[in-house]
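Listing of model-v6.pdb; format and content: PDB, C-alpha atoms and all ligand atoms.
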```pdb
ATOM      1  CA  MET A 502       0.000   0.000   0.000  1.00  0.00           C
ATOM      2  CA  ILE A 503       1.362   3.368  -1.011  1.00  0.00           C
ATOM      3  CA  ASN A 504       1.200   6.093   1.621  1.00  0.00           C
ATOM      4  CA  ALA A 505      -0.573   8.721  -0.482  1.00  0.00           C
ATOM      5  CA  ASP A 506      -4.040  10.167  -0.970  1.00  0.00           C
ATOM      6  CA  PRO A 507      -4.988  10.130  -4.681  1.00  0.00           C
ATOM      7  CA  LEU A 508      -7.395  13.058  -4.221  1.00  0.00           C
ATOM      8  CA  GLU A 509      -4.599  15.174  -2.750  1.00  0.00           C
ATOM      9  CA  LEU A 510      -2.243  14.277  -5.595  1.00  0.00           C
ATOM     10  CA  ALA A 511      -4.967  15.104  -8.146  1.00  0.00           C
ATOM     11  CA  LYS A 512      -5.580  18.474  -6.496  1.00  0.00           C
ATOM     12  CA  PHE A 513      -1.938  19.460  -6.979  1.00  0.00           C
ATOM     13  CA  GLY A 514      -1.968  17.991 -10.494  1.00  0.00           C
ATOM     14  CA  GLU A 515      -4.891  20.189 -11.570  1.00  0.00           C
ATOM     15  CA  LEU A 516      -3.142  23.362 -10.481  1.00  0.00           C
ATOM     16  CA  ALA A 517       0.342  22.366 -11.654  1.00  0.00           C
ATOM     17  CA  HIS A 518       0.457  24.699 -14.663  1.00  0.00           C
ATOM     18  CA  ARG A 519       0.074  27.639 -12.256  1.00  0.00           C
ATOM     19  CA  TRP A 520       2.944  26.574  -9.988  1.00  0.00           C
ATOM     20  CA  TRP A 521       5.452  29.240 -11.008  1.00  0.00           C
ATOM     21  CA  ASP A 522       2.981  32.118 -11.248  1.00  0.00           C
ATOM     22  CA  PRO A 523       4.068  34.272  -8.308  1.00  0.00           C
ATOM     23  CA  ASP A 524       0.533  35.695  -8.077  1.00  0.00           C
ATOM     24  CA  GLY A 525      -1.329  32.412  -8.614  1.00  0.00           C
ATOM     25  CA  GLU A 526      -2.590  29.680  -6.297  1.00  0.00           C
ATOM     26  CA  PHE A 527       0.934  28.948  -5.072  1.00  0.00           C
ATOM     27  CA  ARG A 528       1.710  32.556  -4.190  1.00  0.00           C
ATOM     28  CA  PRO A 529       2.162  31.658  -0.483  1.00  0.00           C
ATOM     29  CA  LEU A 530       4.906  29.147  -1.397  1.00  0.00           C
ATOM     30  CA  HIS A 531       6.684  31.819  -3.448  1.00  0.00           C
ATOM     31  CA  GLN A 532       6.392  34.257  -0.585  1.00  0.00           C
ATOM     32  CA  ILE A 533       7.679  31.922   2.124  1.00  0.00           C
ATOM     33  CA  ASN A 534      10.468  30.434   0.028  1.00  0.00           C
ATOM     34  CA  PRO A 535      13.195  33.030   0.699  1.00  0.00           C
ATOM     35  CA  LEU A 536      12.473  32.759   4.439  1.00  0.00           C
ATOM     36  CA  ARG A 537      12.706  28.979   4.642  1.00  0.00           C
ATOM     37  CA  LEU A 538      15.653  28.842   2.236  1.00  0.00           C
ATOM     38  CA  ASP A 539      17.690  31.270   4.343  1.00  0.00           C
ATOM     39  CA  TRP A 540      16.746  29.428   7.527  1.00  0.00           C
ATOM     40  CA  ILE A 541      17.791  26.049   6.097  1.00  0.00           C
ATOM     41  CA  ASP A 542      20.959  27.494   4.566  1.00  0.00           C
ATOM     42  CA  GLY A 543      21.860  29.247   7.807  1.00  0.00           C
ATOM     43  CA  LEU A 544      21.679  25.993   9.774  1.00  0.00           C
ATOM     44  CA  ALA A 545      22.945  23.459   7.260  1.00  0.00           C
ATOM     45  CA  ARG A 546      24.897  25.353   4.542  1.00  0.00           C
ATOM     46  CA  VAL A 547      23.395  23.898   1.390  1.00  0.00           C
ATOM     47  CA  ALA A 548      26.267  24.638  -1.046  1.00  0.00           C
ATOM     48  CA  GLY A 549      27.970  21.416  -2.093  1.00  0.00           C
ATOM     49  CA  LYS A 550      25.493  19.240  -0.160  1.00  0.00           C
ATOM     50  CA  THR A 551      23.304  16.409  -1.426  1.00  0.00           C
ATOM     51  CA  VAL A 552      19.642  17.121  -0.766  1.00  0.00           C
ATOM     52  CA  ALA A 553      16.456  15.069  -1.075  1.00  0.00           C
ATOM     53  CA  ASP A 554      13.348  17.278  -1.302  1.00  0.00           C
ATOM     54  CA  ILE A 555      10.315  15.145  -0.433  1.00  0.00           C
ATOM     55  CA  GLY A 556       6.981  16.282  -1.905  1.00  0.00           C
ATOM     56  CA  CYS A 557       8.813  18.855  -4.051  1.00  0.00           C
ATOM     57  CA  GLY A 558       5.798  19.790  -6.190  1.00  0.00           C
ATOM     58  CA  GLY A 559       6.705  22.294  -8.920  1.00  0.00           C
ATOM     59  CA  GLY A 560      10.173  22.683  -7.424  1.00  0.00           C
ATOM     60  CA  ILE A 561      10.136  26.137  -5.805  1.00  0.00           C
ATOM     61  CA  LEU A 562      12.327  25.079  -2.865  1.00  0.00           C
ATOM     62  CA  ALA A 563      14.300  22.386  -4.733  1.00  0.00           C
ATOM     63  CA  GLU A 564      15.343  24.775  -7.495  1.00  0.00           C
ATOM     64  CA  SER A 565      16.275  27.520  -5.053  1.00  0.00           C
ATOM     65  CA  MET A 566      18.563  25.127  -3.139  1.00  0.00           C
ATOM     66  CA  ALA A 567      20.183  23.992  -6.410  1.00  0.00           C
ATOM     67  CA  ARG A 568      20.792  27.650  -7.298  1.00  0.00           C
ATOM     68  CA  ARG A 569      22.737  27.941  -4.052  1.00  0.00           C
ATOM     69  CA  GLY A 570      24.988  25.075  -5.099  1.00  0.00           C
ATOM     70  CA  ALA A 571      23.274  22.011  -3.643  1.00  0.00           C
ATOM     71  CA  ASP A 572      22.858  18.778  -5.586  1.00  0.00           C
ATOM     72  CA  VAL A 573      19.102  18.235  -5.267  1.00  0.00           C
ATOM     73  CA  LEU A 574      16.815  15.293  -5.976  1.00  0.00           C
ATOM     74  CA  GLY A 575      13.148  16.279  -5.788  1.00  0.00           C
ATOM     75  CA  ILE A 576      10.511  13.564  -5.467  1.00  0.00           C
ATOM     76  CA  ASP A 577       6.726  13.732  -5.533  1.00  0.00           C
ATOM     77  CA  LEU A 578       3.883  11.367  -6.409  1.00  0.00           C
ATOM     78  CA  SER A 579       1.939  13.861  -8.538  1.00  0.00           C
ATOM     79  CA  SER A 580       3.278  13.690 -12.073  1.00  0.00           C
ATOM     80  CA  LYS A 581       2.151  17.066 -13.457  1.00  0.00           C
ATOM     81  CA  PRO A 582       3.910  19.199 -10.833  1.00  0.00           C
ATOM     82  CA  LEU A 583       7.049  17.116 -11.471  1.00  0.00           C
ATOM     83  CA  LYS A 584       6.860  17.847 -15.209  1.00  0.00           C
ATOM     84  CA  VAL A 585       6.447  21.532 -14.462  1.00  0.00           C
ATOM     85  CA  ALA A 586       9.453  21.385 -12.127  1.00  0.00           C
ATOM     86  CA  GLN A 587      11.568  19.656 -14.771  1.00  0.00           C
ATOM     87  CA  LEU A 588      10.609  22.130 -17.469  1.00  0.00           C
ATOM     88  CA  HIS A 589      11.268  25.095 -15.208  1.00  0.00           C
ATOM     89  CA  ALA A 590      14.724  23.817 -14.263  1.00  0.00           C
ATOM     90  CA  LEU A 591      15.508  23.290 -17.940  1.00  0.00           C
ATOM     91  CA  GLU A 592      14.351  26.754 -18.983  1.00  0.00           C
ATOM     92  CA  ALA A 593      16.125  28.402 -16.065  1.00  0.00           C
ATOM     93  CA  GLU A 594      19.252  26.370 -16.889  1.00  0.00           C
ATOM     94  CA  VAL A 595      19.720  25.284 -13.295  1.00  0.00           C
ATOM     95  CA  GLY A 596      22.075  22.336 -12.880  1.00  0.00           C
ATOM     96  CA  GLY A 597      22.447  19.949  -9.962  1.00  0.00           C
ATOM     97  CA  LEU A 598      18.737  19.265  -9.992  1.00  0.00           C
ATOM     98  CA  ALA A 599      16.837  16.056 -10.779  1.00  0.00           C
ATOM     99  CA  TYR A 600      13.225  15.047 -10.281  1.00  0.00           C
ATOM    100  CA  ARG A 601      11.609  11.637  -9.888  1.00  0.00           C
ATOM    101  CA  GLU A 602       8.111  10.290  -9.351  1.00  0.00           C
ATOM    102  CA  GLN A 603       8.715   8.220  -6.246  1.00  0.00           C
ATOM    103  CA  SER A 604       7.483   7.874  -2.671  1.00  0.00           C
ATOM    104  CA  ALA A 605       9.603   8.885   0.314  1.00  0.00           C
ATOM    105  CA  GLU A 606       9.434   5.325   1.618  1.00  0.00           C
ATOM    106  CA  SER A 607      10.709   3.815  -1.622  1.00  0.00           C
ATOM    107  CA  LEU A 608      13.575   6.324  -1.976  1.00  0.00           C
ATOM    108  CA  ALA A 609      14.528   5.563   1.645  1.00  0.00           C
ATOM    109  CA  ALA A 610      14.704   1.836   0.868  1.00  0.00           C
ATOM    110  CA  GLU A 611      16.854   2.565  -2.182  1.00  0.00           C
ATOM    111  CA  ARG A 612      19.248   5.188  -0.820  1.00  0.00           C
ATOM    112  CA  PRO A 613      19.421   5.033   2.997  1.00  0.00           C
ATOM    113  CA  GLY A 614      21.887   7.412   4.684  1.00  0.00           C
ATOM    114  CA  GLN A 615      22.924   9.032   1.417  1.00  0.00           C
ATOM    115  CA  PHE A 616      21.750  12.638   1.775  1.00  0.00           C
ATOM    116  CA  ASP A 617      23.350  15.466   3.762  1.00  0.00           C
ATOM    117  CA  LEU A 618      19.982  17.168   3.957  1.00  0.00           C
ATOM    118  CA  VAL A 619      16.369  16.135   3.597  1.00  0.00           C
ATOM    119  CA  THR A 620      13.634  18.729   3.238  1.00  0.00           C
ATOM    120  CA  CYS A 621       9.923  17.942   3.494  1.00  0.00           C
ATOM    121  CA  MET A 622       7.948  21.160   3.451  1.00  0.00           C
ATOM    122  CA  GLU A 623       4.179  21.741   3.406  1.00  0.00           C
ATOM    123  CA  MET A 624       3.686  18.092   2.520  1.00  0.00           C
ATOM    124  CA  LEU A 625       3.052  16.028   5.684  1.00  0.00           C
ATOM    125  CA  GLU A 626      -0.462  17.494   6.124  1.00  0.00           C
ATOM    126  CA  HIS A 627      -1.475  15.974   2.768  1.00  0.00           C
ATOM    127  CA  VAL A 628      -0.444  12.392   3.574  1.00  0.00           C
ATOM    128  CA  PRO A 629      -2.448   9.563   5.249  1.00  0.00           C
ATOM    129  CA  GLU A 630       0.482   8.414   7.417  1.00  0.00           C
ATOM    130  CA  PRO A 631       2.820  11.350   8.000  1.00  0.00           C
ATOM    131  CA  ALA A 632       4.862   9.459  10.623  1.00  0.00           C
ATOM    132  CA  SER A 633       5.911   7.013   7.925  1.00  0.00           C
ATOM    133  CA  VAL A 634       7.214   9.896   5.777  1.00  0.00           C
ATOM    134  CA  VAL A 635       9.123  11.286   8.770  1.00  0.00           C
ATOM    135  CA  ARG A 636      10.718   7.836   9.273  1.00  0.00           C
ATOM    136  CA  ALA A 637      11.671   7.718   5.590  1.00  0.00           C
ATOM    137  CA  CYS A 638      13.254  11.175   5.840  1.00  0.00           C
ATOM    138  CA  ALA A 639      15.235  10.057   8.897  1.00  0.00           C
ATOM    139  CA  THR A 640      16.442   6.991   7.004  1.00  0.00           C
ATOM    140  CA  LEU A 641      17.543   9.093   4.006  1.00  0.00           C
ATOM    141  CA  VAL A 642      19.750  11.446   6.080  1.00  0.00           C
ATOM    142  CA  LYS A 643      23.416  10.675   6.697  1.00  0.00           C
ATOM    143  CA  PRO A 644      24.595  10.573  10.308  1.00  0.00           C
ATOM    144  CA  GLY A 645      25.365  14.199  11.217  1.00  0.00           C
ATOM    145  CA  GLY A 646      22.983  15.447   8.524  1.00  0.00           C
ATOM    146  CA  TRP A 647      19.828  17.529   8.751  1.00  0.00           C
ATOM    147  CA  ALA A 648      16.121  16.943   8.177  1.00  0.00           C
ATOM    148  CA  PHE A 649      13.738  19.897   7.805  1.00  0.00           C
ATOM    149  CA  PHE A 650       9.966  19.725   8.023  1.00  0.00           C
ATOM    150  CA  SER A 651       7.176  22.266   7.860  1.00  0.00           C
ATOM    151  CA  THR A 652       3.457  21.877   8.346  1.00  0.00           C
ATOM    152  CA  ILE A 653       0.418  23.387  10.119  1.00  0.00           C
ATOM    153  CA  HIS A 654      -0.568  23.092  13.794  1.00  0.00           C
ATOM    154  CA  ARG A 655      -3.873  21.434  14.728  1.00  0.00           C
ATOM    155  CA  ASN A 656      -5.676  23.810  17.090  1.00  0.00           C
ATOM    156  CA  ALA A 657      -8.580  26.303  16.980  1.00  0.00           C
ATOM    157  CA  LYS A 658      -6.331  29.192  15.939  1.00  0.00           C
ATOM    158  CA  ALA A 659      -4.840  27.225  13.049  1.00  0.00           C
ATOM    159  CA  PHE A 660      -8.361  26.297  11.896  1.00  0.00           C
ATOM    160  CA  VAL A 661      -9.394  29.957  11.904  1.00  0.00           C
ATOM    161  CA  MET A 662      -6.191  31.279  10.314  1.00  0.00           C
ATOM    162  CA  ALA A 663      -5.163  28.510   7.905  1.00  0.00           C
ATOM    163  CA  ILE A 664      -8.586  27.392   6.668  1.00  0.00           C
ATOM    164  CA  VAL A 665     -11.204  30.097   7.338  1.00  0.00           C
ATOM    165  CA  GLY A 666      -8.771  33.020   6.946  1.00  0.00           C
ATOM    166  CA  ALA A 667      -6.421  31.817   4.212  1.00  0.00           C
ATOM    167  CA  GLU A 668      -8.930  29.903   2.069  1.00  0.00           C
ATOM    168  CA  HIS A 669     -12.249  31.699   2.614  1.00  0.00           C
ATOM    169  CA  VAL A 670     -11.620  35.278   3.749  1.00  0.00           C
ATOM    170  CA  LEU A 671      -8.259  36.330   2.282  1.00  0.00           C
ATOM    171  CA  LYS A 672      -8.389  33.738  -0.518  1.00  0.00           C
ATOM    172  CA  LEU A 673      -4.636  33.187  -0.342  1.00  0.00           C
ATOM    173  CA  LEU A 674      -5.189  29.500  -1.121  1.00  0.00           C
ATOM    174  CA  PRO A 675      -7.897  27.654  -3.103  1.00  0.00           C
ATOM    175  CA  LYS A 676     -10.796  26.325  -1.002  1.00  0.00           C
ATOM    176  CA  GLY A 677     -10.180  22.746   0.069  1.00  0.00           C
ATOM    177  CA  THR A 678      -6.377  23.066   0.017  1.00  0.00           C
ATOM    178  CA  HIS A 679      -6.172  21.930   3.626  1.00  0.00           C
ATOM    179  CA  GLU A 680      -8.128  19.514   5.783  1.00  0.00           C
ATOM    180  CA  TYR A 681      -8.159  20.307   9.492  1.00  0.00           C
ATOM    181  CA  ALA A 682      -7.960  16.682  10.666  1.00  0.00           C
ATOM    182  CA  ARG A 683      -4.636  16.283   8.852  1.00  0.00           C
ATOM    183  CA  PHE A 684      -2.953  19.166  10.636  1.00  0.00           C
ATOM    184  CA  ILE A 685      -0.125  18.138  12.969  1.00  0.00           C
ATOM    185  CA  ARG A 686       0.762  19.371  16.435  1.00  0.00           C
ATOM    186  CA  PRO A 687       4.425  20.308  16.966  1.00  0.00           C
ATOM    187  CA  SER A 688       4.517  17.777  19.820  1.00  0.00           C
ATOM    188  CA  GLU A 689       3.378  15.018  17.440  1.00  0.00           C
ATOM    189  CA  LEU A 690       5.931  15.948  14.796  1.00  0.00           C
ATOM    190  CA  ALA A 691       8.706  16.094  17.400  1.00  0.00           C
ATOM    191  CA  ARG A 692       7.694  12.672  18.749  1.00  0.00           C
ATOM    192  CA  TRP A 693       7.674  11.083  15.278  1.00  0.00           C
ATOM    193  CA  ALA A 694      11.103  12.618  14.600  1.00  0.00           C
ATOM    194  CA  ARG A 695      12.554  11.302  17.879  1.00  0.00           C
ATOM    195  CA  GLU A 696      11.018   7.872  17.363  1.00  0.00           C
ATOM    196  CA  ALA A 697      12.709   7.840  13.949  1.00  0.00           C
ATOM    197  CA  GLY A 698      16.097   8.491  15.583  1.00  0.00           C
ATOM    198  CA  LEU A 699      16.371  12.242  14.929  1.00  0.00           C
ATOM    199  CA  GLU A 700      17.263  14.950  17.437  1.00  0.00           C
ATOM    200  CA  VAL A 701      14.988  17.967  17.521  1.00  0.00           C
ATOM    201  CA  ALA A 702      17.210  21.006  16.941  1.00  0.00           C
ATOM    202  CA  GLN A 703      14.917  23.972  16.369  1.00  0.00           C
ATOM    203  CA  PHE A 704      11.268  24.957  15.946  1.00  0.00           C
ATOM    204  CA  LYS A 705      10.309  28.156  14.121  1.00  0.00           C
ATOM    205  CA  GLY A 706       6.930  29.738  13.612  1.00  0.00           C
ATOM    206  CA  MET A 707       5.872  31.314  10.336  1.00  0.00           C
ATOM    207  CA  GLU A 708       3.437  34.198  10.711  1.00  0.00           C
ATOM    208  CA  TYR A 709       1.391  36.003   8.080  1.00  0.00           C
ATOM    209  CA  ASN A 710       0.523  39.646   8.511  1.00  0.00           C
ATOM    210  CA  PRO A 711      -2.635  40.353   6.455  1.00  0.00           C
ATOM    211  CA  LEU A 712      -2.013  44.116   6.580  1.00  0.00           C
ATOM    212  CA  THR A 713       1.490  44.057   5.089  1.00  0.00           C
ATOM    213  CA  GLN A 714       0.694  40.776   3.248  1.00  0.00           C
ATOM    214  CA  ARG A 715       4.054  39.438   4.325  1.00  0.00           C
ATOM    215  CA  TYR A 716       5.300  36.370   6.126  1.00  0.00           C
ATOM    216  CA  ARG A 717       8.046  36.302   8.732  1.00  0.00           C
ATOM    217  CA  LEU A 718       9.750  33.674  10.852  1.00  0.00           C
ATOM    218  CA  SER A 719       9.071  33.986  14.573  1.00  0.00           C
ATOM    219  CA  ALA A 720       8.896  31.994  17.781  1.00  0.00           C
ATOM    220  CA  ASP A 721       5.127  31.534  17.397  1.00  0.00           C
ATOM    221  CA  THR A 722       4.434  27.975  16.229  1.00  0.00           C
ATOM    222  CA  SER A 723       0.657  28.201  16.763  1.00  0.00           C
ATOM    223  CA  VAL A 724      -0.263  28.072  13.026  1.00  0.00           C
ATOM    224  CA  ASN A 725       2.431  27.470  10.369  1.00  0.00           C
ATOM    225  CA  TYR A 726       5.717  26.162  11.679  1.00  0.00           C
ATOM    226  CA  LEU A 727       9.032  24.562  10.711  1.00  0.00           C
ATOM    227  CA  LEU A 728      11.196  22.007  12.474  1.00  0.00           C
ATOM    228  CA  ALA A 729      14.919  21.366  12.031  1.00  0.00           C
ATOM    229  CA  CYS A 730      16.271  17.977  13.158  1.00  0.00           C
ATOM    230  CA  ARG A 731      19.713  16.370  13.209  1.00  0.00           C
ATOM    231  CA  LYS A 732      20.662  12.766  12.862  1.00  0.00           C
ATOM    232  CA  PRO A 733      23.226  11.828  15.540  1.00  0.00           C
ATOM    233  CA  THR A 734      26.666  10.790  14.280  1.00  0.00           C
TER     234      THR A 734
HETATM  235  N1  LIG A 801       7.272  21.016  -0.868  1.00  0.00           N
HETATM  236  C1  LIG A 801       6.824  21.931  -1.913  1.00  0.00           C
HETATM  237  C2  LIG A 801       5.389  21.661  -2.377  1.00  0.00           C
HETATM  238  C3  LIG A 801       4.325  21.672  -1.303  1.00  0.00           C
HETATM  239  S1  LIG A 801       2.704  21.291  -1.937  1.00  0.00           S
HETATM  240  C4  LIG A 801       6.976  23.343  -1.392  1.00  0.00           C
HETATM  241  O1  LIG A 801       6.868  23.535  -0.173  1.00  0.00           O
HETATM  242  O2  LIG A 801       7.192  24.255  -2.173  1.00  0.00           O
HETATM  243  C5  LIG A 801       2.547  19.590  -1.397  1.00  0.00           C
HETATM  244  C6  LIG A 801       3.162  18.591  -2.346  1.00  0.00           C
HETATM  245  O3  LIG A 801       3.155  17.320  -1.713  1.00  0.00           O
HETATM  246  C7  LIG A 801       2.422  18.432  -3.671  1.00  0.00           C
HETATM  247  O4  LIG A 801       3.289  18.560  -4.752  1.00  0.00           O
HETATM  248  C8  LIG A 801       1.865  17.008  -3.593  1.00  0.00           C
HETATM  249  O5  LIG A 801       1.770  16.359  -4.849  1.00  0.00           O
HETATM  250  C9  LIG A 801       2.888  16.352  -2.700  1.00  0.00           C
HETATM  251  N2  LIG A 801       2.425  15.119  -2.061  1.00  0.00           N
HETATM  252  C10 LIG A 801       1.249  14.878  -1.460  1.00  0.00           C
HETATM  253  N3  LIG A 801       1.214  13.621  -0.985  1.00  0.00           N
HETATM  254  C11 LIG A 801       2.410  13.044  -1.322  1.00  0.00           C
HETATM  255  C12 LIG A 801       2.992  11.768  -1.101  1.00  0.00           C
HETATM  256  N4  LIG A 801       2.331  10.825  -0.435  1.00  0.00           N
HETATM  257  N5  LIG A 801       4.232  11.531  -1.568  1.00  0.00           N
HETATM  258  C13 LIG A 801       4.906  12.496  -2.223  1.00  0.00           C
HETATM  259  N6  LIG A 801       4.414  13.738  -2.445  1.00  0.00           N
HETATM  260  C14 LIG A 801       3.181  14.014  -2.007  1.00  0.00           C
END
```
Any chance you could give the structure as structure tokens?
Amino acid sequence: MINADPLELAKFGELAHRWWDPDGEFRPLHQINPLRLDWIDGLARVAGKTVADIGCGGGILAESMARRGADVLGIDLSSKPLKVAQLHALEAEVGGLAYREQSAESLAAERPGQFDLVTCMEMLEHVPEPASVVRACATLVKPGGWAFFSTIHRNAKAFVMAIVGAEHVLKLLPKGTHEYARFIRPSELARWAREAGLEVAQFKGMEYNPLTQRYRLSADTSVNYLLACRKPT
């Protein structure tokens, strides 16, 4: 049984042609990308590193890490976003970047301990068994390497901000992008990471200010948040 929800994959497939439109449905990913890229780079120095980007979609993060000198393999199970990612990398003439249609679990079985960094951003909340993806990410990382995750908290505030606010009021995301029951508490994500043999290094919150229409990293993990983990040597 593959750990994926076909409806979720289809949702991303339908919007794939819009992936690189900075003002389209994926605008929030474009807006948060410089923040998460700098945060990852600041902790793990991506230049010259091998990176697996799990659930890479159209490649916004994967391509930006390759531009900074990383050797990146992006994987996803939705084929249209992958095609868009491939085409974009080709047109932008970015090297050190490859894409494959593969699950996290299957890549982990094939290439355990072979990546300096694993990134898995805005993906876990779309998967039936997120803990299994976290385990796969932990398996993929070399001892001493880093794993980065981001997702959305499961609490009343996150429901109001991430679903009612972002999808219905501000219309930052298409309706139905997120399902509340799939949101993940930071404590759950940290537990899955530890159970997979990772050390929790740092949590960061990501806040959206509707007045300035900008995101920023903060200490507030109550809605969108990121987690950096290390694999012990
Ligand atoms: N990580 C990218 C894209 C986030 S959108 C970024 O942050 O910029 C979520 C992506 O997860 C979509 O491309 C979707 O196809 C992918 N996805 C959903 N379920 C998946 C699964 N089980 N395995 C791999 N990718 C999955």
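One finds CA of Pro523 in chain A at 17.7 Å from CA of Gln587 in chain A.
Atom pair CA of Asp721 in chain A / CA of Thr620 in chain A has a distance of 20.9 Å (rounded to one decimal).
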Which is closer to Lys581 in chain A than all the others in A:Lys550, A:Lys676, A:Arg686, A:Arg519, using all atoms listed in the file?
A:Arg519
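Ranking A:Ala586, A:Met707, A:Ile541, A:Leu712 by their shortest atom-to-atom distance to Ala729 in chain A, with only C-alpha atoms included, puts A:Ile541 first.
Closest to Pro582 in chain A among A:Leu538, A:Ala517, A:Leu728, A:Cys638 is A:Ala517, based on only C-alpha atoms.
Of the listed residues A:Glu515, A:Glu611, A:Glu592, A:Glu696, the one whose atoms come nearest to ligand LIG 801 (chain A) is A:Glu515, with distances taken using only C-alpha atoms and all ligand atoms.
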Quick one: residues within 10 Å of (24.0, 13.1, 2.8) (file frame), counting all atoms listed in the file, please, as an mmCIF file with C-alpha atoms, in the frame of the given file.
```
data_model
loop_
_atom_site.group_PDB
_atom_site.id
_atom_site.type_symbol
_atom_site.label_atom_id
_atom_site.label_comp_id
_atom_site.auth_asym_id
_atom_site.auth_seq_id
_atom_site.Cartn_x
_atom_site.Cartn_y
_atom_site.Cartn_z
ATOM 1 C CA LYS A 550 25.493 19.240 -0.160
ATOM 2 C CA THR A 551 23.304 16.409 -1.426
ATOM 3 C CA VAL A 552 19.642 17.121 -0.766
ATOM 4 C CA ALA A 553 16.456 15.069 -1.075
ATOM 5 C CA ARG A 612 19.248 5.188 -0.820
ATOM 6 C CA PRO A 613 19.421 5.033 2.997
ATOM 7 C CA GLY A 614 21.887 7.412 4.684
ATOM 8 C CA GLN A 615 22.924 9.032 1.417
ATOM 9 C CA PHE A 616 21.750 12.638 1.775
ATOM 10 C CA ASP A 617 23.350 15.466 3.762
ATOM 11 C CA LEU A 618 19.982 17.168 3.957
ATOM 12 C CA VAL A 619 16.369 16.135 3.597
ATOM 13 C CA LEU A 641 17.543 9.093 4.006
ATOM 14 C CA VAL A 642 19.750 11.446 6.080
ATOM 15 C CA LYS A 643 23.416 10.675 6.697
ATOM 16 C CA PRO A 644 24.595 10.573 10.308
ATOM 17 C CA GLY A 645 25.365 14.199 11.217
ATOM 18 C CA GLY A 646 22.983 15.447 8.524
ATOM 19 C CA TRP A 647 19.828 17.529 8.751
#
```
Box in all listed atoms of ligand LIG 801 (chain A), axis-aligned, with 8 Å more on each side; write out centre and edge lengths in Å to one decimal as lines of an AutoDock Vina configuration file.
```
center_x = 4.2
center_y = 17.5
center_z = -2.5
size_x = 22.1
size_y = 29.4
size_z = 20.7
```
Since I can't run it myself right now, could you work out what the PyMOL selection byres (((chain A and resi 590) around 12) and not hetatm) selects here and report it as a ChimeraX atom specification?
/A:521,559-568,573,575,583-589,591-600
